[in-house]
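Listing of protein17.pdb; format and content: PDB, C-alpha atoms, pLDDT in the B column.
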```
ATOM      1  CA  MET A   1     145.337 129.628 384.493  1.00 41.00           C
ATOM      2  CA  ILE A   2     143.884 132.432 382.412  1.00 44.00           C
ATOM      3  CA  SER A   3     142.265 130.242 379.767  1.00 48.00           C
ATOM      4  CA  ASP A   4     140.337 128.231 382.408  1.00 53.00           C
ATOM      5  CA  ALA A   5     137.989 131.178 382.810  1.00 53.00           C
ATOM      6  CA  HIS A   6     137.040 130.911 379.147  1.00 69.00           C
ATOM      7  CA  GLU A   7     136.462 127.163 378.863  1.00 73.00           C
ATOM      8  CA  GLY A   8     132.653 127.512 378.752  1.00 74.00           C
ATOM      9  CA  ILE A   9     132.825 130.242 376.125  1.00 71.00           C
ATOM     10  CA  LYS A  10     135.338 128.230 374.102  1.00 68.00           C
ATOM     11  CA  ALA A  11     133.065 125.171 374.194  1.00 73.00           C
ATOM     12  CA  ALA A  12     130.034 127.225 373.119  1.00 70.00           C
ATOM     13  CA  VAL A  13     131.929 128.882 370.263  1.00 66.00           C
ATOM     14  CA  SER A  14     133.141 125.510 369.065  1.00 66.00           C
ATOM     15  CA  LYS A  15     129.675 123.941 369.238  1.00 70.00           C
ATOM     16  CA  VAL A  16     127.462 126.760 367.994  1.00 65.00           C
ATOM     17  CA  LEU A  17     129.722 128.488 365.502  1.00 63.00           C
ATOM     18  CA  THR A  18     131.855 125.468 364.588  1.00 59.00           C
ATOM     19  CA  SER A  19     134.744 127.827 365.069  1.00 62.00           C
ATOM     20  CA  GLY A  20     137.980 127.815 366.970  1.00 67.00           C
ATOM     21  CA  TRP A  21     139.072 130.064 369.805  1.00 76.00           C
ATOM     22  CA  GLN A  22     141.718 132.678 369.316  1.00 80.00           C
ATOM     23  CA  ARG A  23     143.779 134.271 372.014  1.00 86.00           C
ATOM     24  CA  CYS A  24     145.089 137.742 371.289  1.00 86.00           C
ATOM     25  CA  ARG A  25     148.788 137.607 370.534  1.00 89.00           C
ATOM     26  CA  VAL A  26     149.377 141.000 372.184  1.00 87.00           C
ATOM     27  CA  HIS A  27     147.623 140.022 375.411  1.00 88.00           C
ATOM     28  CA  PHE A  28     149.400 136.683 375.449  1.00 93.00           C
ATOM     29  CA  MET A  29     152.756 138.452 375.227  1.00 93.00           C
ATOM     30  CA  ARG A  30     151.800 140.594 378.225  1.00 91.00           C
ATOM     31  CA  ASN A  31     151.013 137.425 380.190  1.00 90.00           C
ATOM     32  CA  VAL A  32     154.242 135.747 379.102  1.00 91.00           C
ATOM     33  CA  LEU A  33     156.450 138.685 379.965  1.00 91.00           C
ATOM     34  CA  ALA A  34     155.068 138.665 383.501  1.00 88.00           C
ATOM     35  CA  HIS A  35     156.805 135.268 383.908  1.00 85.00           C
ATOM     36  CA  ALA A  36     160.145 136.459 382.547  1.00 87.00           C
ATOM     37  CA  THR A  37     162.783 138.278 384.535  1.00 87.00           C
ATOM     38  CA  LYS A  38     163.129 141.995 383.875  1.00 90.00           C
ATOM     39  CA  SER A  39     166.465 141.467 382.184  1.00 91.00           C
ATOM     40  CA  GLY A  40     165.156 138.536 380.128  1.00 89.00           C
ATOM     41  CA  ARG A  41     161.950 140.101 378.781  1.00 93.00           C
ATOM     42  CA  ARG A  42     163.523 141.380 375.583  1.00 94.00           C
ATOM     43  CA  VAL A  43     165.056 138.005 374.785  1.00 92.00           C
ATOM     44  CA  VAL A  44     161.848 136.111 375.551  1.00 93.00           C
ATOM     45  CA  SER A  45     159.840 138.538 373.438  1.00 94.00           C
ATOM     46  CA  ALA A  46     162.265 138.180 370.521  1.00 95.00           C
ATOM     47  CA  PHE A  47     162.259 134.364 370.825  1.00 94.00           C
ATOM     48  CA  ILE A  48     158.476 134.124 370.721  1.00 96.00           C
ATOM     49  CA  ALA A  49     158.269 136.675 367.904  1.00 95.00           C
ATOM     50  CA  THR A  50     160.205 134.234 365.701  1.00 96.00           C
ATOM     51  CA  ALA A  51     157.163 131.943 365.764  1.00 96.00           C
ATOM     52  CA  PHE A  52     154.908 134.794 364.663  1.00 94.00           C
ATOM     53  CA  ALA A  53     157.244 135.582 361.760  1.00 93.00           C
ATOM     54  CA  GLN A  54     156.826 132.176 360.105  1.00 95.00           C
ATOM     55  CA  ASP A  55     155.184 131.851 356.687  1.00 93.00           C
ATOM     56  CA  ASP A  56     152.648 129.164 357.526  1.00 93.00           C
ATOM     57  CA  ALA A  57     150.887 127.508 360.452  1.00 93.00           C
ATOM     58  CA  GLU A  58     153.045 124.389 360.449  1.00 96.00           C
ATOM     59  CA  ALA A  59     156.292 126.373 360.549  1.00 96.00           C
ATOM     60  CA  ALA A  60     154.861 128.636 363.277  1.00 96.00           C
ATOM     61  CA  ARG A  61     153.921 125.642 365.427  1.00 97.00           C
ATOM     62  CA  GLY A  62     157.350 124.098 364.911  1.00 97.00           C
ATOM     63  CA  GLN A  63     159.112 127.311 365.897  1.00 97.00           C
ATOM     64  CA  TRP A  64     156.776 127.739 368.872  1.00 97.00           C
ATOM     65  CA  ARG A  65     157.758 124.254 370.117  1.00 97.00           C
ATOM     66  CA  LYS A  66     161.473 125.042 369.696  1.00 97.00           C
ATOM     67  CA  VAL A  67     161.152 128.276 371.656  1.00 96.00           C
ATOM     68  CA  ALA A  68     159.139 126.631 374.443  1.00 96.00           C
ATOM     69  CA  ASP A  69     161.684 123.820 374.697  1.00 97.00           C
ATOM     70  CA  GLN A  70     164.591 126.289 374.830  1.00 95.00           C
ATOM     71  CA  LEU A  71     162.895 128.270 377.606  1.00 92.00           C
ATOM     72  CA  ARG A  72     161.836 125.198 379.624  1.00 94.00           C
ATOM     73  CA  PRO A  73     165.091 124.623 381.595  1.00 95.00           C
ATOM     74  CA  LYS A  74     165.318 128.177 382.952  1.00 90.00           C
ATOM     75  CA  THR A  75     161.661 129.233 382.992  1.00 90.00           C
ATOM     76  CA  PRO A  76     159.409 126.163 383.256  1.00 93.00           C
ATOM     77  CA  LYS A  77     156.298 128.235 384.080  1.00 92.00           C
ATOM     78  CA  LEU A  78     156.742 130.284 380.942  1.00 92.00           C
ATOM     79  CA  ALA A  79     157.233 127.141 378.841  1.00 94.00           C
ATOM     80  CA  ALA A  80     154.117 125.601 380.405  1.00 94.00           C
ATOM     81  CA  LEU A  81     152.159 128.750 379.546  1.00 94.00           C
ATOM     82  CA  MET A  82     153.370 128.457 375.962  1.00 95.00           C
ATOM     83  CA  ASP A  83     152.422 124.759 375.858  1.00 96.00           C
ATOM     84  CA  GLU A  84     148.918 125.539 377.060  1.00 93.00           C
ATOM     85  CA  ALA A  85     148.338 128.539 374.779  1.00 93.00           C
ATOM     86  CA  GLU A  86     149.887 127.332 371.525  1.00 95.00           C
ATOM     87  CA  ALA A  87     146.697 126.413 369.643  1.00 91.00           C
ATOM     88  CA  ASP A  88     144.817 129.508 370.798  1.00 90.00           C
ATOM     89  CA  VAL A  89     147.591 132.010 370.119  1.00 93.00           C
ATOM     90  CA  LEU A  90     148.495 130.584 366.710  1.00 94.00           C
ATOM     91  CA  ALA A  91     144.863 130.127 365.558  1.00 89.00           C
ATOM     92  CA  TYR A  92     145.132 133.116 363.225  1.00 87.00           C
ATOM     93  CA  MET A  93     147.870 131.310 361.240  1.00 90.00           C
ATOM     94  CA  ALA A  94     145.194 129.029 359.711  1.00 86.00           C
ATOM     95  CA  PHE A  95     143.971 131.974 357.634  1.00 82.00           C
ATOM     96  CA  PRO A  96     145.485 133.344 354.425  1.00 83.00           C
ATOM     97  CA  ALA A  97     148.614 135.450 354.925  1.00 82.00           C
ATOM     98  CA  ALA A  98     146.797 138.599 353.762  1.00 79.00           C
ATOM     99  CA  HIS A  99     144.369 138.319 356.710  1.00 79.00           C
ATOM    100  CA  ARG A 100     146.802 137.438 359.477  1.00 83.00           C
ATOM    101  CA  THR A 101     147.829 140.988 360.314  1.00 79.00           C
ATOM    102  CA  LYS A 102     144.157 141.818 360.825  1.00 77.00           C
ATOM    103  CA  LEU A 103     143.444 138.733 362.933  1.00 79.00           C
ATOM    104  CA  HIS A 104     146.405 138.316 365.269  1.00 79.00           C
ATOM    105  CA  SER A 105     144.995 140.891 367.704  1.00 77.00           C
ATOM    106  CA  THR A 106     141.506 140.878 369.148  1.00 77.00           C
ATOM    107  CA  ASN A 107     141.586 144.649 369.672  1.00 79.00           C
ATOM    108  CA  PRO A 108     139.007 145.447 366.928  1.00 81.00           C
ATOM    109  CA  ILE A 109     136.436 143.077 368.432  1.00 81.00           C
ATOM    110  CA  GLU A 110     137.236 144.354 371.933  1.00 84.00           C
ATOM    111  CA  ARG A 111     136.645 147.919 370.754  1.00 88.00           C
ATOM    112  CA  LEU A 112     133.355 146.820 369.193  1.00 89.00           C
ATOM    113  CA  ASN A 113     132.282 145.082 372.404  1.00 90.00           C
ATOM    114  CA  GLY A 114     133.203 148.235 374.343  1.00 92.00           C
ATOM    115  CA  GLU A 115     131.094 150.360 372.000  1.00 93.00           C
ATOM    116  CA  ILE A 116     128.137 147.981 372.392  1.00 92.00           C
ATOM    117  CA  LYS A 117     128.505 148.169 376.174  1.00 92.00           C
ATOM    118  CA  ARG A 118     128.792 151.960 376.148  1.00 93.00           C
ATOM    119  CA  ARG A 119     125.754 152.448 373.913  1.00 91.00           C
ATOM    120  CA  THR A 120     123.560 149.932 375.750  1.00 90.00           C
ATOM    121  CA  GLU A 121     124.421 151.442 379.152  1.00 91.00           C
ATOM    122  CA  VAL A 122     123.238 154.839 377.883  1.00 90.00           C
ATOM    123  CA  VAL A 123     119.831 153.312 377.172  1.00 87.00           C
ATOM    124  CA  GLY A 124     119.653 151.753 380.634  1.00 84.00           C
ATOM    125  CA  ILE A 125     116.573 149.559 380.836  1.00 86.00           C
ATOM    126  CA  VAL A 126     115.523 147.823 377.639  1.00 86.00           C
ATOM    127  CA  PRO A 127     111.828 146.880 377.384  1.00 90.00           C
ATOM    128  CA  ASN A 128     112.320 143.460 375.807  1.00 92.00           C
ATOM    129  CA  GLU A 129     114.693 141.146 373.968  1.00 91.00           C
ATOM    130  CA  ASP A 130     113.593 142.391 370.530  1.00 93.00           C
ATOM    131  CA  ALA A 131     114.551 145.946 371.493  1.00 93.00           C
ATOM    132  CA  ILE A 132     118.058 144.949 372.583  1.00 91.00           C
ATOM    133  CA  THR A 133     118.444 142.885 369.412  1.00 92.00           C
ATOM    134  CA  ARG A 134     117.499 145.933 367.303  1.00 93.00           C
ATOM    135  CA  LEU A 135     119.837 148.213 369.267  1.00 93.00           C
ATOM    136  CA  ILE A 136     122.835 145.894 369.080  1.00 93.00           C
ATOM    137  CA  GLY A 137     122.019 145.073 365.446  1.00 94.00           C
ATOM    138  CA  ALA A 138     122.088 148.788 364.596  1.00 94.00           C
ATOM    139  CA  ILE A 139     125.450 149.180 366.352  1.00 94.00           C
ATOM    140  CA  LEU A 140     126.845 146.202 364.433  1.00 92.00           C
ATOM    141  CA  LEU A 141     125.538 147.520 361.102  1.00 92.00           C
ATOM    142  CA  GLU A 142     127.172 150.873 361.839  1.00 92.00           C
ATOM    143  CA  ALA A 143     130.465 149.133 362.631  1.00 89.00           C
ATOM    144  CA  ASN A 144     130.172 147.087 359.440  1.00 84.00           C
ATOM    145  CA  ASP A 145     129.723 150.259 357.410  1.00 84.00           C
ATOM    146  CA  GLU A 146     132.789 151.818 359.034  1.00 83.00           C
ATOM    147  CA  TRP A 147     134.877 148.693 358.485  1.00 79.00           C
ATOM    148  CA  SER A 148     133.742 148.450 354.866  1.00 75.00           C
ATOM    149  CA  VAL A 149     135.201 151.833 353.950  1.00 77.00           C
ATOM    150  CA  GLN A 150     138.460 151.336 355.887  1.00 73.00           C
ATOM    151  CA  ARG A 151     140.003 148.942 353.379  1.00 61.00           C
ATOM    152  CA  SER A 152     143.530 149.222 354.711  1.00 63.00           C
ATOM    153  CA  ARG A 153     142.469 148.399 358.241  1.00 62.00           C
ATOM    154  CA  TYR A 154     139.987 145.526 357.970  1.00 66.00           C
ATOM    155  CA  MET A 155     139.260 142.648 355.655  1.00 68.00           C
ATOM    156  CA  THR A 156     137.247 143.405 352.552  1.00 66.00           C
ATOM    157  CA  LEU A 157     134.546 141.349 350.893  1.00 66.00           C
ATOM    158  CA  GLU A 158     136.932 140.742 348.013  1.00 71.00           C
ATOM    159  CA  THR A 159     139.575 139.167 350.251  1.00 71.00           C
ATOM    160  CA  MET A 160     136.955 137.095 352.098  1.00 70.00           C
ATOM    161  CA  ALA A 161     135.252 135.677 348.982  1.00 71.00           C
ATOM    162  CA  PRO A 162     137.790 132.875 348.377  1.00 73.00           C
ATOM    163  CA  LEU A 163     137.158 131.599 351.929  1.00 70.00           C
ATOM    164  CA  SER A 164     133.413 131.127 351.542  1.00 69.00           C
ATOM    165  CA  ASP A 165     131.002 128.897 349.652  1.00 70.00           C
ATOM    166  CA  ASP A 166     128.248 131.474 350.211  1.00 68.00           C
ATOM    167  CA  PRO A 167     127.200 132.993 346.854  1.00 65.00           C
ATOM    168  CA  LEU A 168     126.381 136.332 348.556  1.00 60.00           C
ATOM    169  CA  VAL A 169     130.004 136.707 349.607  1.00 53.00           C
ATOM    170  CA  SER A 170     131.160 136.279 346.023  1.00 53.00           C
ATOM    171  CA  LEU A 171     128.896 139.102 344.785  1.00 50.00           C
ATOM    172  CA  PRO A 172     130.417 142.501 344.095  1.00 51.00           C
ATOM    173  CA  VAL A 173     130.069 144.981 346.965  1.00 50.00           C
ATOM    174  CA  ALA A 174     127.567 147.121 345.036  1.00 47.00           C
ATOM    175  CA  ALA A 175     125.240 144.117 344.596  1.00 43.00           C
ATOM    176  CA  THR A 176     124.881 143.326 348.311  1.00 46.00           C
TER     177      THR A 176
END
```
Starting from the file, lay out its structure as structure tokens.
Amino acid sequence: MISDAHEGIKAAVSKVLTSGWQRCRVHFMRNVLAHATKSGRRVVSAFIATAFAQDDAEAARGQWRKVADQLRPKTPKLAALMDEAEADVLAYMAFPAAHRTKLHSTNPIERLNGEIKRRTEVVGIVPNEDAITRLIGAILLEANDEWSVQRSRYMTLETMAPLSDDPLVSLPVAAT
């Protein structure tokens, strides 16, 4: 299955960052629709979307289970895919509702990774690990600056403050 390829990364993320793994909802839907018949894709998509429309994580998981169970008799592979991916696809539901629209897709981080790859390939050979750390750090700082001014697109420090015990996060933007 698709997630088997990421088991090592998932384990490292869990251990080092004490964080969960999230699977992009958009990419998951692409995988799911490959298991549905052409005529059934719209129905399957609408069924699964009902789980994403729930108000909280518990309701989303409950709806996800109902949808998987309804699909199981006719499309057991699709239901099995849903069973396997439930925790990863619904991981974003653990966050406050205001952040969910920003987290349900991994496209922003994929774009950032693409930019890092593009900019490091231009350099070619890097003399040492410190140099690559400085280069990637500069790219990340630049991305942070861009994300900071795009309030409607990404999470702001103000919306993140309630999620952190870190006193720096609770400081006003001008103070950091």
Report as a PDB file with C-alpha atoms, in the coordinates of the input all protein, DNA and RNA residues lying within 9 Å of segment 110-122 of chain A, evaluated on all atoms listed in the file, omitting residues in the same chain fewer than 4 positions from it.
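New file result.pdb:
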```pdb
ATOM      1  CA  THR A 106     141.506 140.878 369.148  1.00 77.00           C
ATOM      2  CA  VAL A 126     115.523 147.823 377.639  1.00 86.00           C
ATOM      3  CA  ILE A 132     118.058 144.949 372.583  1.00 91.00           C
ATOM      4  CA  LEU A 135     119.837 148.213 369.267  1.00 93.00           C
ATOM      5  CA  ILE A 136     122.835 145.894 369.080  1.00 93.00           C
ATOM      6  CA  ILE A 139     125.450 149.180 366.352  1.00 94.00           C
ATOM      7  CA  LEU A 140     126.845 146.202 364.433  1.00 92.00           C
ATOM      8  CA  ALA A 143     130.465 149.133 362.631  1.00 89.00           C
TER       9      ALA A 143
END
```
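Interatomic distance, atom CA of Ser105 of chain A against atom CA of Leu71 of chain A: 24.0 Å.
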| message | When the PyMOL selection byres ((chain A and resi 84-98) around 9) is applied to the structure above, which residues does it catch, written out as a VMD selection string? | response | chain A and resid 3 20 to 25 28 51 to 52 55 to 58 60 to 61 64 to 65 79 to 83 99 to 105 155 159 163
A straight line from atom CA of Met29 of chain A to atom CA of Ala12 of chain A spans 25.4 Å
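Picture a line from atom CA of Leu33 of chain A to atom CA of Gly62 of chain A; it runs 21.0 Å.
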